Amino acid sequence: MLILGIETSCDDTATALVRDGRTVLCSVSTNQDAFHAKYGGIVPEIASRQHVALLSAAVDDALARADLRFDDVDAIAVTRGPGLIGSLVVGVAAAKALAFALEKPLYAVNHLHGHIFAAFLDRDEMPPYPFLALLVSGGHSQLVDVRSATEMRVIGRTRDDAAGEAYDKTARLLGLGYPGGPQLDALAKRGNPKAYAFPRHRPDAGSLDLSFSGLKTSVRYFLESDAGRAAAPEDVAASFQAAVVDVLLARVDRAFDEGDYNAIVLSGGVASNSALQAALRDWSERRRVPAFIPPPKYCTDNAAMIAAVAYYQRNAVRADALTLSADPNLPFVLRAS
Ligand code: KG4
Ligand code: ZN
């Protein structure tokens, strides 16, 4: 089954062609960073206008790269939410038009499910159910209990900033450009992670919740102090990063103490962080738990992951091309339609 995926929930205009939920024939993503960089963050109106300008060509581009035609496509999958409303409606409108005109089935996908199923792309071996997914992106930080493609439950979430947001805000304090996560990651490679002991959030007994705002504030106060002004930025970056990684791994460890998981899946933009990947690989060896970490191109927003979810959830997410609407607050739990 060949699915054309469309993803426009934030600032990436992405299309992909995926066979049977795992074989990626092509995955095209046009990054809009250059248009948002001077504002230091994503401007929703600019994002949706860029999607309008780019999406149609991105669909043609995906077909051309895979050397396929619309006739070869069996179904269309699109991100319905969560995300920016103005961005989502562009992808949803395009997917509805294609499904209607081509008389192909339409599937409406949750963006966050997409990040989890990115771990199934281009792999011989799939994560065995039940598994735990650590989803860390610019908008979300969650621990998800995944029983099957349609039975997933959020068991831990951030109380304030998402991990990617904490990276981006701290990067800005350090005077780095946007998006800050990858730049902070690169800077931290040259620094000492033990230089400064920034605070690690500890949840109450039994809770798997996360918090990063205390850490970010502590870095800010430190940088405003005399010691902070004299500190090497790479040491501050490495010490901040060490705190984020500690918090995330402490929560994963606790979830495995309490759950019956066969694997850990890391996903979302922050999953490409080098320190987090290294620490998770160590942890997975120590606890003898297989770790599934998608390559960077599938960690950040992409449309291949959306086509994959549609394949695995196809009986639950079939949509009507005439009535489907974008939902910026789409709930995580799948409801039978
Ligand atoms: O999943 P994603 O592409 O978009 C959504 O938020 O859905 O994630 C983007 C986030 C940004 O906050 C970015 O700074 C962060 O992922 N990020 C990283 C790295 N690469 C991307 N954070 C830390 N280290 C990285 N290497
Ligand atoms: Zn995302």
# chains A, B, ... in the order shown; residues from 1 in each chain; ligands from 1
call {"tool": "closest_atom_pairs", "arguments": {"of": "chain A", "to": "ligand 2", "cutoff": "8 Å", "atoms": "only C-alpha atoms and all ligand atoms", "output": "CSV"}}
result
residue,atom,partner,partner_atom_place_in_ligand_line,distance
A:Ser9,CA,ligand 2,1 (Zn),7.8
A:Cys10,CA,ligand 2,1 (Zn),7.6
A:His111,CA,ligand 2,1 (Zn),6.5
A:Leu112,CA,ligand 2,1 (Zn),6.7
A:His115,CA,ligand 2,1 (Zn),6.5
A:Ser137,CA,ligand 2,1 (Zn),5.9
A:Gly138,CA,ligand 2,1 (Zn),7.0
A:Gly139,CA,ligand 2,1 (Zn),7.2
A:Gly268,CA,ligand 2,1 (Zn),5.8
A:Gly269,CA,ligand 2,1 (Zn),6.6
A:Thr300,CA,ligand 2,1 (Zn),6.1
A:Asp301,CA,ligand 2,1 (Zn),4.7
A:Asn302,CA,ligand 2,1 (Zn),8.0
call {"tool": "select_by_dssp", "arguments": {"residues": "region 44-96 of chain A", "states": "helix (DSSP H, G or I)", "output": "VMD selection string"}}
result
chain A and resid 44 to 66 70 to 72 85 to 96
call {"tool": "closest_atom_pairs", "arguments": {"of": "chain A", "to": "ligand 1", "cutoff": "9 Å", "atoms": "only C-alpha atoms and all ligand atoms", "output": "tab-separated table"}}
result
residue	atom	partner	partner_atom_place_in_ligand_line	distance
A:Ser9	CA	ligand 1	7 (O)	7.8
A:Cys10	CA	ligand 1	7 (O)	6.9
A:Asp11	CA	ligand 1	4 (O)	8.3
A:Asp12	CA	ligand 1	3 (O)	8.2
A:Gly83	CA	ligand 1	7 (O)	7.9
A:His111	CA	ligand 1	7 (O)	7.8
A:Leu112	CA	ligand 1	7 (O)	7.9
A:His115	CA	ligand 1	1 (O)	7.3
A:Leu135	CA	ligand 1	1 (O)	8.6
A:Val136	CA	ligand 1	1 (O)	7.1
A:Ser137	CA	ligand 1	8 (O)	4.0
A:Gly138	CA	ligand 1	6 (O)	3.2
A:Gly139	CA	ligand 1	6 (O)	4.4
A:His140	CA	ligand 1	6 (O)	6.7
A:Ala162	CA	ligand 1	12 (O)	8.1
A:Ala163	CA	ligand 1	12 (O)	7.2
A:Gly164	CA	ligand 1	12 (O)	3.4
A:Glu165	CA	ligand 1	12 (O)	5.0
A:Ala166	CA	ligand 1	12 (O)	7.6
A:Tyr167	CA	ligand 1	22 (N)	5.8
A:Asp168	CA	ligand 1	14 (O)	5.2
A:Lys169	CA	ligand 1	12 (O)	8.8
A:Ala171	CA	ligand 1	14 (O)	8.7
A:Tyr178	CA	ligand 1	14 (O)	7.7
A:Pro179	CA	ligand 1	14 (O)	4.9
A:Gly180	CA	ligand 1	14 (O)	4.9
A:Gly181	CA	ligand 1	14 (O)	3.3
A:Pro182	CA	ligand 1	26 (N)	3.8
A:Gln183	CA	ligand 1	26 (N)	7.3
A:Leu184	CA	ligand 1	24 (N)	6.8
A:Asp185	CA	ligand 1	24 (N)	5.0
A:Ala186	CA	ligand 1	26 (N)	7.5
A:Gln241	CA	ligand 1	23 (C)	8.4
A:Ser267	CA	ligand 1	1 (O)	7.8
A:Gly268	CA	ligand 1	1 (O)	4.0
A:Gly269	CA	ligand 1	8 (O)	3.3
A:Val270	CA	ligand 1	18 (C)	4.0
A:Ala271	CA	ligand 1	19 (C)	6.9
A:Ser272	CA	ligand 1	26 (N)	4.7
A:Asn273	CA	ligand 1	26 (N)	3.5
A:Ser274	CA	ligand 1	26 (N)	6.1
A:Ala275	CA	ligand 1	24 (N)	8.2
A:Leu276	CA	ligand 1	24 (N)	8.2
A:Pro296	CA	ligand 1	20 (N)	7.9
A:Tyr298	CA	ligand 1	3 (O)	8.9
A:Cys299	CA	ligand 1	1 (O)	6.4
A:Thr300	CA	ligand 1	3 (O)	3.5
A:Asp301	CA	ligand 1	3 (O)	4.3
A:Asn302	CA	ligand 1	3 (O)	8.0
call {"tool": "atom_distance", "arguments": {"atom1": "CA of Glu7 (chain A)", "atom2": "CA of Arg157 (chain A)"}}
result
23.7 Å
call {"tool": "closest_residue", "arguments": {"among": "A:Leu134, A:Ala205, A:Ala149, A:Asp20", "to": "Val317 (chain A)", "atoms": "only C-alpha atoms"}}
result
A:Ala149
call {"tool": "closest_residue", "arguments": {"among": "A:Asp320, A:Ser325, A:Asp257, A:Leu88", "to": "Pro44 (chain A)", "atoms": "only C-alpha atoms"}}
result
A:Leu88
